[in-house]
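Text of the file start22.pdb, holding PDB, C-alpha atoms:
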```pdb
ATOM      1  CA  ASP A   1       0.000   0.000   0.000  1.00  0.00           C
ATOM      2  CA  ASN A   2       3.009   2.323   0.178  1.00  0.00           C
ATOM      3  CA  TYR A   3       3.550   2.415  -3.586  1.00  0.00           C
ATOM      4  CA  GLY A   4       0.538   4.508  -4.616  1.00  0.00           C
ATOM      5  CA  GLY A   5      -2.515   3.680  -6.618  1.00  0.00           C
ATOM      6  CA  ILE A   6      -6.242   3.741  -6.032  1.00  0.00           C
ATOM      7  CA  LYS A   7      -7.897   1.209  -3.767  1.00  0.00           C
ATOM      8  CA  VAL A   8     -11.570   0.622  -4.561  1.00  0.00           C
ATOM      9  CA  GLN A   9     -13.753  -0.991  -1.899  1.00  0.00           C
ATOM     10  CA  ILE A  10     -17.381  -1.688  -2.747  1.00  0.00           C
ATOM     11  CA  LYS A  11     -19.893  -3.224  -0.378  1.00  0.00           C
ATOM     12  CA  ALA A  12     -23.012  -4.264  -2.288  1.00  0.00           C
ATOM     13  CA  VAL A  13     -26.425  -5.190  -0.942  1.00  0.00           C
ATOM     14  CA  ARG A  14     -28.960  -6.575  -3.437  1.00  0.00           C
ATOM     15  CA  HIS A  15     -32.598  -6.224  -2.473  1.00  0.00           C
ATOM     16  CA  PRO A  16     -34.188  -9.714  -2.470  1.00  0.00           C
ATOM     17  CA  GLU A  17     -37.004  -8.665  -4.819  1.00  0.00           C
ATOM     18  CA  PHE A  18     -34.491  -8.194  -7.650  1.00  0.00           C
ATOM     19  CA  PRO A  19     -33.315 -11.183  -9.716  1.00  0.00           C
ATOM     20  CA  GLU A  20     -29.695 -12.312  -9.865  1.00  0.00           C
ATOM     21  CA  LEU A  21     -27.219  -9.846 -11.314  1.00  0.00           C
ATOM     22  CA  PRO A  22     -25.707 -10.528 -14.753  1.00  0.00           C
ATOM     23  CA  ARG A  23     -22.374  -9.146 -13.486  1.00  0.00           C
ATOM     24  CA  PHE A  24     -20.973  -6.780 -10.884  1.00  0.00           C
ATOM     25  CA  GLY A  25     -17.794  -4.795 -11.154  1.00  0.00           C
ATOM     26  CA  LEU A  26     -16.062  -1.769 -12.620  1.00  0.00           C
ATOM     27  CA  ARG A  27     -15.809  -0.697 -16.252  1.00  0.00           C
ATOM     28  CA  LEU A  28     -12.898   1.537 -17.237  1.00  0.00           C
ATOM     29  CA  PHE A  29     -12.356   3.349 -20.519  1.00  0.00           C
ATOM     30  CA  LEU A  30      -8.594   3.457 -21.079  1.00  0.00           C
ATOM     31  CA  ASN A  31      -6.494   5.097 -23.766  1.00  0.00           C
ATOM     32  CA  LYS A  32      -6.699   3.056 -26.989  1.00  0.00           C
ATOM     33  CA  GLU A  33      -2.900   2.628 -26.854  1.00  0.00           C
ATOM     34  CA  PHE A  34      -3.328   0.301 -23.849  1.00  0.00           C
ATOM     35  CA  GLU A  35      -3.368  -2.778 -26.045  1.00  0.00           C
ATOM     36  CA  GLU A  36      -0.921  -5.194 -24.432  1.00  0.00           C
ATOM     37  CA  VAL A  37      -2.329  -7.389 -21.662  1.00  0.00           C
ATOM     38  CA  ALA A  38      -0.809  -9.759 -19.117  1.00  0.00           C
ATOM     39  CA  TYR A  39      -2.727 -11.609 -16.427  1.00  0.00           C
ATOM     40  CA  TYR A  40      -2.461 -14.407 -13.917  1.00  0.00           C
ATOM     41  CA  GLY A  41      -5.689 -16.374 -14.032  1.00  0.00           C
ATOM     42  CA  MET A  42      -7.630 -18.777 -16.223  1.00  0.00           C
ATOM     43  CA  GLY A  43      -6.586 -18.732 -19.873  1.00  0.00           C
ATOM     44  CA  PRO A  44      -5.639 -18.676 -22.639  1.00  0.00           C
ATOM     45  CA  ASN A  45      -9.253 -19.209 -23.778  1.00  0.00           C
ATOM     46  CA  GLU A  46     -12.158 -17.176 -22.478  1.00  0.00           C
ATOM     47  CA  SER A  47     -13.460 -18.542 -19.195  1.00  0.00           C
ATOM     48  CA  TYR A  48     -16.617 -18.115 -17.150  1.00  0.00           C
ATOM     49  CA  VAL A  49     -17.790 -19.807 -13.976  1.00  0.00           C
ATOM     50  CA  ASP A  50     -19.664 -22.424 -16.054  1.00  0.00           C
ATOM     51  CA  LYS A  51     -17.328 -22.419 -19.073  1.00  0.00           C
ATOM     52  CA  CYS A  52     -13.715 -22.915 -18.012  1.00  0.00           C
ATOM     53  CA  ARG A  53     -12.764 -26.555 -18.640  1.00  0.00           C
ATOM     54  CA  ALA A  54     -10.704 -25.624 -21.705  1.00  0.00           C
ATOM     55  CA  SER A  55      -8.634 -23.182 -19.620  1.00  0.00           C
ATOM     56  CA  SER A  56      -5.849 -23.603 -17.117  1.00  0.00           C
ATOM     57  CA  HIS A  57      -4.517 -21.334 -14.391  1.00  0.00           C
ATOM     58  CA  GLY A  58      -1.315 -19.523 -15.306  1.00  0.00           C
ATOM     59  CA  LEU A  59       0.427 -16.401 -16.575  1.00  0.00           C
ATOM     60  CA  TYR A  60      -0.789 -15.267 -20.008  1.00  0.00           C
ATOM     61  CA  LYS A  61       0.199 -12.379 -22.267  1.00  0.00           C
ATOM     62  CA  GLY A  62      -1.228 -11.042 -25.487  1.00  0.00           C
ATOM     63  CA  ASN A  63      -2.989  -8.261 -27.301  1.00  0.00           C
ATOM     64  CA  VAL A  64      -6.406  -6.874 -26.326  1.00  0.00           C
ATOM     65  CA  ALA A  65      -7.758  -7.524 -29.847  1.00  0.00           C
ATOM     66  CA  ASP A  66      -6.745 -11.190 -29.538  1.00  0.00           C
ATOM     67  CA  LEU A  67      -8.902 -11.618 -26.411  1.00  0.00           C
ATOM     68  CA  HIS A  68     -12.037 -10.929 -28.471  1.00  0.00           C
ATOM     69  CA  GLU A  69     -13.975 -14.044 -29.525  1.00  0.00           C
ATOM     70  CA  ASP A  70     -15.353 -13.309 -32.987  1.00  0.00           C
ATOM     71  CA  TYR A  71     -18.818 -14.831 -32.664  1.00  0.00           C
ATOM     72  CA  ILE A  72     -21.027 -14.408 -35.737  1.00  0.00           C
ATOM     73  CA  ARG A  73     -23.703 -12.919 -33.461  1.00  0.00           C
ATOM     74  CA  PRO A  74     -21.898 -10.443 -31.170  1.00  0.00           C
ATOM     75  CA  GLN A  75     -22.323 -11.111 -27.463  1.00  0.00           C
ATOM     76  CA  GLU A  76     -20.498 -11.012 -24.128  1.00  0.00           C
ATOM     77  CA  ASN A  77     -17.121 -12.694 -24.626  1.00  0.00           C
ATOM     78  CA  GLY A  78     -13.462 -12.799 -23.698  1.00  0.00           C
ATOM     79  CA  SER A  79     -13.737 -12.865 -19.927  1.00  0.00           C
ATOM     80  CA  HIS A  80     -11.120 -14.592 -17.761  1.00  0.00           C
ATOM     81  CA  ILE A  81     -12.012 -15.811 -14.264  1.00  0.00           C
ATOM     82  CA  ASP A  82      -9.936 -16.581 -11.193  1.00  0.00           C
ATOM     83  CA  CYS A  83      -7.448 -13.757 -11.788  1.00  0.00           C
ATOM     84  CA  ASP A  84      -5.034 -12.448  -9.192  1.00  0.00           C
ATOM     85  CA  TYR A  85      -4.001  -9.486 -11.350  1.00  0.00           C
ATOM     86  CA  VAL A  86      -4.240  -8.034 -14.830  1.00  0.00           C
ATOM     87  CA  THR A  87      -1.967  -5.439 -16.458  1.00  0.00           C
ATOM     88  CA  LEU A  88      -2.760  -3.357 -19.530  1.00  0.00           C
ATOM     89  CA  GLN A  89      -0.040  -1.230 -21.060  1.00  0.00           C
ATOM     90  CA  SER A  90       1.075   0.886 -23.954  1.00  0.00           C
ATOM     91  CA  ALA A  91       4.650   1.589 -24.979  1.00  0.00           C
ATOM     92  CA  GLU A  92       4.818   4.336 -22.336  1.00  0.00           C
ATOM     93  CA  PHE A  93       2.290   3.648 -19.568  1.00  0.00           C
ATOM     94  CA  GLY A  94       0.500   0.842 -17.819  1.00  0.00           C
ATOM     95  CA  LEU A  95      -2.195   0.028 -15.293  1.00  0.00           C
ATOM     96  CA  THR A  96      -2.308  -3.022 -13.048  1.00  0.00           C
ATOM     97  CA  ALA A  97      -5.425  -4.180 -11.211  1.00  0.00           C
ATOM     98  CA  VAL A  98      -4.729  -6.491  -8.283  1.00  0.00           C
ATOM     99  CA  SER A  99      -6.846  -7.928  -5.489  1.00  0.00           C
ATOM    100  CA  ASN A 100      -6.580 -10.232  -2.484  1.00  0.00           C
ATOM    101  CA  GLN A 101      -9.681 -11.998  -3.814  1.00  0.00           C
ATOM    102  CA  THR A 102      -9.721 -13.450  -7.317  1.00  0.00           C
ATOM    103  CA  PHE A 103     -11.775 -11.592  -9.903  1.00  0.00           C
ATOM    104  CA  SER A 104     -12.644 -11.806 -13.573  1.00  0.00           C
ATOM    105  CA  PHE A 105     -11.645  -9.331 -16.246  1.00  0.00           C
ATOM    106  CA  ASN A 106     -12.433  -8.548 -19.832  1.00  0.00           C
ATOM    107  CA  ALA A 107     -10.349  -6.252 -22.044  1.00  0.00           C
ATOM    108  CA  SER A 108     -11.913  -5.382 -25.374  1.00  0.00           C
ATOM    109  CA  PRO A 109     -11.928  -2.918 -28.253  1.00  0.00           C
ATOM    110  CA  TYR A 110     -15.764  -3.028 -28.056  1.00  0.00           C
ATOM    111  CA  THR A 111     -18.227  -1.713 -25.481  1.00  0.00           C
ATOM    112  CA  GLN A 112     -20.909  -3.997 -24.056  1.00  0.00           C
ATOM    113  CA  GLU A 113     -23.502  -1.748 -25.708  1.00  0.00           C
ATOM    114  CA  GLU A 114     -21.885  -2.279 -29.125  1.00  0.00           C
ATOM    115  CA  LEU A 115     -21.895  -6.054 -28.663  1.00  0.00           C
ATOM    116  CA  GLU A 116     -25.553  -5.942 -27.604  1.00  0.00           C
ATOM    117  CA  GLN A 117     -26.785  -3.652 -30.399  1.00  0.00           C
ATOM    118  CA  LYS A 118     -25.194  -5.284 -33.442  1.00  0.00           C
ATOM    119  CA  ALA A 119     -26.693  -8.397 -35.029  1.00  0.00           C
ATOM    120  CA  HIS A 120     -23.571  -9.520 -36.945  1.00  0.00           C
ATOM    121  CA  ASN A 121     -19.837  -9.501 -36.249  1.00  0.00           C
ATOM    122  CA  TYR A 122     -19.042  -7.563 -39.441  1.00  0.00           C
ATOM    123  CA  GLU A 123     -21.148  -4.640 -38.138  1.00  0.00           C
ATOM    124  CA  LEU A 124     -19.025  -4.091 -35.019  1.00  0.00           C
ATOM    125  CA  GLU A 125     -17.256  -0.741 -34.651  1.00  0.00           C
ATOM    126  CA  GLU A 126     -14.349  -0.421 -32.246  1.00  0.00           C
ATOM    127  CA  ALA A 127     -14.632   2.084 -29.414  1.00  0.00           C
ATOM    128  CA  GLU A 128     -12.263   5.026 -29.158  1.00  0.00           C
ATOM    129  CA  SER A 129     -10.979   3.443 -25.937  1.00  0.00           C
ATOM    130  CA  THR A 130      -9.790   0.102 -24.654  1.00  0.00           C
ATOM    131  CA  ILE A 131     -12.592  -1.184 -22.437  1.00  0.00           C
ATOM    132  CA  LEU A 132     -11.454  -2.904 -19.228  1.00  0.00           C
ATOM    133  CA  CYS A 133     -14.033  -4.638 -17.037  1.00  0.00           C
ATOM    134  CA  LEU A 134     -12.968  -5.793 -13.590  1.00  0.00           C
ATOM    135  CA  ASP A 135     -15.708  -7.991 -12.181  1.00  0.00           C
ATOM    136  CA  TYR A 136     -16.337  -9.322  -8.710  1.00  0.00           C
ATOM    137  CA  ALA A 137     -18.330 -12.014 -10.528  1.00  0.00           C
ATOM    138  CA  GLN A 138     -20.598 -12.724 -13.484  1.00  0.00           C
ATOM    139  CA  ASN A 139     -23.494 -15.048 -14.033  1.00  0.00           C
ATOM    140  CA  GLY A 140     -22.593 -18.136 -15.990  1.00  0.00           C
ATOM    141  CA  ILE A 141     -23.055 -18.093 -19.756  1.00  0.00           C
ATOM    142  CA  GLY A 142     -25.848 -20.702 -19.889  1.00  0.00           C
ATOM    143  CA  SER A 143     -29.126 -18.846 -20.276  1.00  0.00           C
ATOM    144  CA  ASN A 144     -31.794 -21.354 -21.391  1.00  0.00           C
ATOM    145  CA  SER A 145     -31.786 -19.641 -24.816  1.00  0.00           C
ATOM    146  CA  CYS A 146     -30.516 -22.797 -26.528  1.00  0.00           C
ATOM    147  CA  GLY A 147     -30.086 -25.265 -23.710  1.00  0.00           C
ATOM    148  CA  PRO A 148     -30.830 -25.925 -20.065  1.00  0.00           C
ATOM    149  CA  LYS A 149     -31.578 -23.244 -17.500  1.00  0.00           C
ATOM    150  CA  LEU A 150     -28.543 -21.816 -15.672  1.00  0.00           C
ATOM    151  CA  ARG A 151     -27.767 -23.830 -12.538  1.00  0.00           C
ATOM    152  CA  GLU A 152     -28.085 -22.006  -9.207  1.00  0.00           C
ATOM    153  CA  ASN A 153     -24.380 -22.371  -8.363  1.00  0.00           C
ATOM    154  CA  TYR A 154     -23.504 -20.397 -11.526  1.00  0.00           C
ATOM    155  CA  LYS A 155     -25.769 -17.431 -10.701  1.00  0.00           C
ATOM    156  CA  LEU A 156     -24.638 -14.183  -9.101  1.00  0.00           C
ATOM    157  CA  ASN A 157     -27.474 -14.039  -6.605  1.00  0.00           C
ATOM    158  CA  GLN A 158     -25.698 -13.246  -3.353  1.00  0.00           C
ATOM    159  CA  SER A 159     -27.630 -10.753  -1.257  1.00  0.00           C
ATOM    160  CA  GLU A 160     -24.448  -9.109   0.113  1.00  0.00           C
ATOM    161  CA  PHE A 161     -20.844  -9.083  -1.020  1.00  0.00           C
ATOM    162  CA  LYS A 162     -17.708  -6.960  -0.961  1.00  0.00           C
ATOM    163  CA  PHE A 163     -15.387  -6.280  -3.891  1.00  0.00           C
ATOM    164  CA  GLU A 164     -11.944  -4.750  -3.401  1.00  0.00           C
ATOM    165  CA  VAL A 165      -9.418  -4.024  -6.114  1.00  0.00           C
ATOM    166  CA  LYS A 166      -6.340  -1.816  -6.273  1.00  0.00           C
ATOM    167  CA  LEU A 167      -5.440   0.078  -9.458  1.00  0.00           C
ATOM    168  CA  VAL A 168      -1.741   0.866  -9.802  1.00  0.00           C
ATOM    169  CA  PRO A 169      -0.582   3.060 -12.709  1.00  0.00           C
ATOM    170  CA  PHE A 170       3.041   2.932 -13.851  1.00  0.00           C
ATOM    171  CA  VAL A 171       5.443   4.434 -16.385  1.00  0.00           C
ATOM    172  CA  GLN A 172       7.496   2.170 -18.634  1.00  0.00           C
ATOM    173  CA  GLU A 173      11.224   2.673 -18.139  1.00  0.00           C
TER     174      GLU A 173
END
```
If you convert what's in this file into structure tokens, what do you get?
Amino acid sequence: DNYGGIKVQIKAVRHPEFPELPRFGLRLFLNKEFEEVAYYGMGPNESYVDKCRASSHGLYKGNVADLHEDYIRPQENGSHIDCDYVTLQSAEFGLTAVSNQTFSFNASPYTQEELEQKAHNYELEEAESTILCLDYAQNGIGSNSCGPKLRENYKLNQSEFKFEVKLVPFVQE
């Protein structure tokens, strides 16, 4: 804690009349030049609480554009669960998100709104920023749209939870 940064502490209370949350976390709009990513978590493939058997826990590096799964019908994609930290950087600057509790992240050239609004992958337009989502948790991917209903253990339906993450900016030397 002596090296600077921003520590975010969120205590959330969900009223019981509301359904489970699709996701809960922070969304940051970073400079488009933040295109290199490194993380310690589940990879190299996208991973969700109910979709992670093709992933393994380790240190992974790549480009933000490469984290995007090019589904014909745009949708939520590219998340990585069970992360201890993630770093995004440009040639000059970087930002590391780290937590004592594992979290999921998604780094993308597209906003969630863009993925939701477009019907085909060829219609997607990149944002003017690199979008970084740092999530306490997300619901599983299964939605009963083309298969079984999402199992209870894959739902984000906790009534209370706390999410803490520290954001540490740095300059490349």
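Nearest residue to Arg151 (chain A) among A:Cys83, A:Asn139, A:Pro169, A:Pro109 is A:Asn139, counting all atoms listed in the file.
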**Request:** Given the file shown, determine the residues that the PyMOL selection byres ((chain A and resi 104-108) around 10) selects; report them as number ranges by chain.
**Result:** A: 25-30, 34-37, 39, 41-42, 46-49, 63-69, 76-86, 88, 97, 102-103, 109-112, 126-127, 129-138
**Prompt:** Just so the selection is clear, what residues does the PyMOL selection byres ((chain A and resi 21) around 10) cover here, as an NGL selection string?
**Reply:** :A and (14 or 18-20 or 22-24 or 137-139 or 155-158)
Resolved residues for the PyMOL selection byres ((chain A and resi 165) around 7) as an mmCIF file with C-alpha atoms, keeping the file's coordinate frame:
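Below is the file out-v3.cif, written as the result:
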```
data_model
loop_
_atom_site.group_PDB
_atom_site.id
_atom_site.type_symbol
_atom_site.label_atom_id
_atom_site.label_comp_id
_atom_site.auth_asym_id
_atom_site.auth_seq_id
_atom_site.Cartn_x
_atom_site.Cartn_y
_atom_site.Cartn_z
ATOM 1 C CA LYS A 7 -7.897 1.209 -3.767
ATOM 2 C CA VAL A 8 -11.570 0.622 -4.561
ATOM 3 C CA GLN A 9 -13.753 -0.991 -1.899
ATOM 4 C CA ALA A 97 -5.425 -4.180 -11.211
ATOM 5 C CA VAL A 98 -4.729 -6.491 -8.283
ATOM 6 C CA SER A 99 -6.846 -7.928 -5.489
ATOM 7 C CA PHE A 163 -15.387 -6.280 -3.891
ATOM 8 C CA GLU A 164 -11.944 -4.750 -3.401
ATOM 9 C CA LYS A 166 -6.340 -1.816 -6.273
ATOM 10 C CA LEU A 167 -5.440 0.078 -9.458
#
```
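Distance-wise, CA of Tyr122 (chain A) and CA of Gln75 (chain A) end up 12.9 Å apart.
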Six-sided padding of 8 Å per side, axis-aligned box over region 81-96 of chain A, centre and edges in Å, one decimal, as AutoDock Vina command-line options:
```
--center_x -3.6 --center_y -6.1 --center_z -17.1 --size_x 32.8 --size_y 36.9 --size_z 31.8
```
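As for CA of Ile72 (chain A) and CA of Glu116 (chain A), they are spaced 12.6 Å apart.
A straight line drawn from CA of His15 (chain A) to CA of Glu160 (chain A) is 9.0 Å long.
Minimum atom-to-atom distances from A:Ser159, A:Ala91, A:Glu173, A:Gly62 to Pro16 (chain A) were compared using all atoms listed in the file, and the lowest value belongs to A:Ser159.
Checking A:Ile141, A:Ala54, A:Ile6, A:Leu124 one by one against Leu95 (chain A), counting all atoms listed in the file, you find the shortest gap at A:Ile6.
If only C-alpha atoms are the atoms counted, then among A:Phe93, A:Asn45, A:Arg73, A:Gly4 the closest residue to Glu33 (chain A) is A:Phe93.
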**Request:** Please provide as a VMD selection string all residues within 9 Å of Asn121 (chain A), with the sequence filter that same-chain residues fewer than 2 positions apart are discarded (counting all atoms listed in the file).
**Result:** chain A and resid 70 to 74 115 118 to 119 123 to 124
